[in-house]
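Engineer: Have a look at this one.
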Amino acid sequence: MHGHALSRVAGFGLAALLLAGATVALAASPTITHSKAAAVASAINLRHGDLPTLQQTPNPTTPQDKRQNAQLTACVGETPEDELFADVSSPSFDGPAPRSLSVSSEVQVAPSTADVARDYAAISRPRALTCVARALVSALRSSLPKGDTAAATVRRFTIAVSGVKIVFGLRLAAAVHVKRGNTTVGVPVYIDSIGFANGQAEITLNVTSDLAPPSASLESHLADVMAARARSAIG
């Protein structure tokens, strides 16, 4: 119902937050230069062939997204976006009805593995979850049609990704109240953001699902695909 709009909520700013990998593992990765960063990010991101049964739609970053990103970055205390070597998002992959599903990914390349380690420390602090919850709930509410409301919570969850030691997962569970004339209908919506890192690359998978939580097997599969691409693209 609101899948495409809510998929934008899941993606904003989380690539630089949801990081993984011990400091030793990060330091061992080959260096990504500024000139190659965008190409590396594009090589890792999801493609239509990964989700051929879903419809591909544009997923541009709007000025409002940029403002929200900056506010979230400042709240958590991680690397500002204007210092990143690259920030590349995939298209959004949406459908099928009646159960709405929206999937996208984002890859950011930091100037150094030290920046990634610092971001990892920032997202591990208790304050970070408060920052993310406030930002996601605010963005969710602003994305809804006039008259619709939402109440939501954010929690951490665990997920395994092949070849990755540490993975962060955040799930926003929302009850969206949709007004249709004199009737209000409650629609459960779930937004998962799963993040990990390879060297300087900070990788996020975003999955939005109406009515029921996203498929854990689908999320694991897509995360494994991007992790394998990261190893191939970075070395």
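Naming works like this for the structure tokens: A, B, ... for the chains as they're shown, residue 1 at the start of each chain, ligands 1 onward in shown order.
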I want to know what sits within 10 Å of Thr33 in chain A, based on only C-alpha atoms, with residues of the same chain fewer than 4 positions away left out; could you give that as a ChimeraX atom specification?

Structural biologist: /A:37-38,40,85,109-112,200

Engineer: Quick one: everything within 12 Å of Pro52 in chain A, counting only C-alpha atoms, minus sequence neighbours fewer than 5 positions away in the same chain. Send it as a ChimeraX atom specification.

Structural biologist: /A:46-47,93-96,103

Engineer: Just checking: using only C-alpha atoms, which residue out of A:Ala139, A:Asn45, A:Pro126, A:Ser89 ends up closest to Leu72 in chain A?

Structural biologist: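 Using only C-alpha atoms, Leu72 in chain A sits closest to A:Ala139.
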
Engineer: Tell me, in Å to one decimal, how far CA of Val189 in chain A is from CA of Ser209 in chain A.

Structural biologist: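 So the two atoms, CA of Val189 in chain A and CA of Ser209 in chain A, lie 5.9 Å apart.
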
Engineer: Any idea what the distance is between CA of Ile159 in chain A and CA of Ser105 in chain A?

Structural biologist: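 Value for the CA of Ile159 in chain A-CA of Ser105 in chain A distance: 16.2 Å.
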
Engineer: May I have all residues of range 40-168 of chain A that DSSP, computed from the backbone, assigns to alpha helix (DSSP H), given as a ChimeraX atom specification?

Structural biologist: /A:40-44,63-76,113-124,126-143

Engineer: Would you mind exporting N, CA and C atoms of the selected residues as a short mmCIF file (atom, residue, chain, number, x, y, z; two decimals), in the first residue's frame?

Structural biologist:
```
data_model
loop_
_atom_site.label_atom_id
_atom_site.label_comp_id
_atom_site.auth_asym_id
_atom_site.auth_seq_id
_atom_site.Cartn_x
_atom_site.Cartn_y
_atom_site.Cartn_z
N VAL A 40 33.26 1.00 -7.46
CA VAL A 40 33.21 -0.11 -6.50
C VAL A 40 31.83 -0.18 -5.85
N ALA A 41 31.30 0.97 -5.45
CA ALA A 41 29.97 0.99 -4.83
C ALA A 41 28.91 0.46 -5.78
N SER A 42 28.96 0.89 -7.03
CA SER A 42 27.98 0.43 -8.02
C SER A 42 28.08 -1.08 -8.26
N ALA A 43 29.30 -1.61 -8.22
CA ALA A 43 29.49 -3.04 -8.45
C ALA A 43 28.91 -3.89 -7.33
N ILE A 44 28.80 -3.33 -6.13
CA ILE A 44 28.31 -4.08 -4.98
C ILE A 44 26.79 -4.04 -4.88
N PRO A 63 16.49 16.50 -1.74
CA PRO A 63 17.04 17.47 -0.77
C PRO A 63 16.58 17.18 0.66
N GLN A 64 15.33 16.72 0.82
CA GLN A 64 14.86 16.36 2.16
C GLN A 64 15.64 15.19 2.72
N ASP A 65 15.94 14.19 1.86
CA ASP A 65 16.76 13.06 2.30
C ASP A 65 18.10 13.54 2.82
N LYS A 66 18.73 14.47 2.09
CA LYS A 66 20.04 14.99 2.47
C LYS A 66 19.98 15.69 3.83
N ARG A 67 18.93 16.46 4.06
CA ARG A 67 18.80 17.14 5.35
C ARG A 67 18.63 16.12 6.49
N GLN A 68 17.80 15.10 6.24
CA GLN A 68 17.59 14.08 7.26
C GLN A 68 18.87 13.30 7.53
N ASN A 69 19.61 13.01 6.46
CA ASN A 69 20.89 12.31 6.62
C ASN A 69 21.84 13.09 7.51
N ALA A 70 21.96 14.40 7.24
CA ALA A 70 22.88 15.24 7.99
C ALA A 70 22.49 15.31 9.47
N GLN A 71 21.19 15.39 9.74
CA GLN A 71 20.72 15.44 11.13
C GLN A 71 21.03 14.13 11.85
N LEU A 72 20.80 13.01 11.17
CA LEU A 72 21.06 11.71 11.77
C LEU A 72 22.55 11.50 12.01
N THR A 73 23.37 11.87 11.02
CA THR A 73 24.81 11.75 11.15
C THR A 73 25.34 12.53 12.34
N ALA A 74 24.85 13.76 12.50
CA ALA A 74 25.29 14.60 13.62
C ALA A 74 24.85 14.00 14.96
N CYS A 75 23.64 13.46 15.01
CA CYS A 75 23.12 12.88 16.24
C CYS A 75 23.96 11.68 16.69
N VAL A 76 24.29 10.81 15.74
CA VAL A 76 25.03 9.59 16.07
C VAL A 76 26.51 9.89 16.29
N THR A 113 39.68 2.98 6.57
CA THR A 113 39.10 1.99 7.47
C THR A 113 38.99 2.55 8.88
N ALA A 114 39.81 3.55 9.22
CA ALA A 114 39.69 4.19 10.53
C ALA A 114 38.35 4.89 10.67
N ASP A 115 37.87 5.50 9.57
CA ASP A 115 36.55 6.13 9.59
C ASP A 115 35.46 5.08 9.81
N VAL A 116 35.60 3.93 9.17
CA VAL A 116 34.61 2.86 9.33
C VAL A 116 34.63 2.36 10.77
N ALA A 117 35.82 2.18 11.34
CA ALA A 117 35.92 1.72 12.73
C ALA A 117 35.29 2.73 13.69
N ARG A 118 35.48 4.02 13.40
CA ARG A 118 34.89 5.07 14.24
C ARG A 118 33.36 5.04 14.13
N ASP A 119 32.85 4.82 12.91
CA ASP A 119 31.40 4.73 12.72
C ASP A 119 30.85 3.50 13.46
N TYR A 120 31.61 2.40 13.41
CA TYR A 120 31.20 1.19 14.11
C TYR A 120 31.07 1.45 15.61
N ALA A 121 32.03 2.19 16.16
CA ALA A 121 31.97 2.52 17.59
C ALA A 121 30.75 3.40 17.88
N ALA A 122 30.45 4.32 16.98
CA ALA A 122 29.34 5.24 17.19
C ALA A 122 28.00 4.50 17.20
N ILE A 123 27.79 3.60 16.24
CA ILE A 123 26.51 2.91 16.17
C ILE A 123 26.35 1.89 17.29
N SER A 124 27.46 1.51 17.92
CA SER A 124 27.39 0.55 19.02
C SER A 124 26.94 1.19 20.32
N PRO A 126 24.58 3.18 23.01
CA PRO A 126 23.12 3.22 23.24
C PRO A 126 22.45 4.43 22.60
N ARG A 127 23.13 5.57 22.58
CA ARG A 127 22.55 6.79 22.02
C ARG A 127 22.15 6.60 20.55
N ALA A 128 22.91 5.78 19.82
CA ALA A 128 22.67 5.63 18.39
C ALA A 128 21.28 5.09 18.10
N LEU A 129 20.83 4.13 18.89
CA LEU A 129 19.51 3.55 18.64
C LEU A 129 18.42 4.59 18.85
N THR A 130 18.61 5.46 19.84
CA THR A 130 17.65 6.54 20.08
C THR A 130 17.61 7.49 18.89
N CYS A 131 18.80 7.83 18.36
CA CYS A 131 18.88 8.72 17.19
C CYS A 131 18.18 8.13 15.98
N VAL A 132 18.46 6.85 15.72
CA VAL A 132 17.88 6.18 14.56
C VAL A 132 16.37 6.05 14.71
N ALA A 133 15.92 5.68 15.90
CA ALA A 133 14.47 5.53 16.12
C ALA A 133 13.75 6.85 15.89
N ARG A 134 14.29 7.94 16.44
CA ARG A 134 13.65 9.25 16.28
C ARG A 134 13.60 9.65 14.81
N ALA A 135 14.71 9.45 14.10
CA ALA A 135 14.78 9.85 12.70
C ALA A 135 13.86 9.01 11.82
N LEU A 136 13.84 7.71 12.04
CA LEU A 136 13.01 6.84 11.21
C LEU A 136 11.52 7.09 11.43
N VAL A 137 11.13 7.25 12.68
CA VAL A 137 9.71 7.49 12.96
C VAL A 137 9.28 8.82 12.37
N SER A 138 10.12 9.85 12.50
CA SER A 138 9.80 11.15 11.92
C SER A 138 9.66 11.06 10.41
N ALA A 139 10.61 10.37 9.75
CA ALA A 139 10.55 10.24 8.30
C ALA A 139 9.35 9.40 7.85
N LEU A 140 9.03 8.37 8.62
CA LEU A 140 7.88 7.53 8.30
C LEU A 140 6.61 8.36 8.31
N ARG A 141 6.43 9.13 9.36
CA ARG A 141 5.21 9.92 9.48
C ARG A 141 5.12 10.97 8.37
N SER A 142 6.24 11.58 8.02
CA SER A 142 6.21 12.61 6.98
C SER A 142 5.95 12.03 5.60
N SER A 143 6.17 10.72 5.42
CA SER A 143 5.96 10.08 4.12
C SER A 143 4.51 9.66 3.88
#
```

Engineer: Using only C-alpha atoms, which residues sit within 8 Å of Gly163 in chain A once same-chain residues fewer than 2 positions away are excluded, as an NGL selection string?

Structural biologist: :A and (161 or 165 or 227)

Engineer: Write out the residues from the selection above, keeping N, CA and C atoms, as a PDB file, in the first residue's frame.

Structural biologist:
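Saved result, selection-v7.pdb, follows:
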```pdb
ATOM      1  N   VAL A 161      25.575 -13.227   7.680  1.00  0.00           N
ATOM      2  CA  VAL A 161      25.976 -12.966   6.298  1.00  0.00           C
ATOM      3  C   VAL A 161      27.267 -13.728   6.043  1.00  0.00           C
ATOM      4  N   LYS A 165      31.918 -11.244   9.830  1.00  0.00           N
ATOM      5  CA  LYS A 165      31.920 -11.608  11.241  1.00  0.00           C
ATOM      6  C   LYS A 165      30.832 -10.908  12.040  1.00  0.00           C
ATOM      7  N   ALA A 227      27.718  -9.254  -0.196  1.00  0.00           N
ATOM      8  CA  ALA A 227      28.991  -9.529   0.462  1.00  0.00           C
ATOM      9  C   ALA A 227      29.975 -10.165  -0.515  1.00  0.00           C
TER      10      ALA A 227
END
```
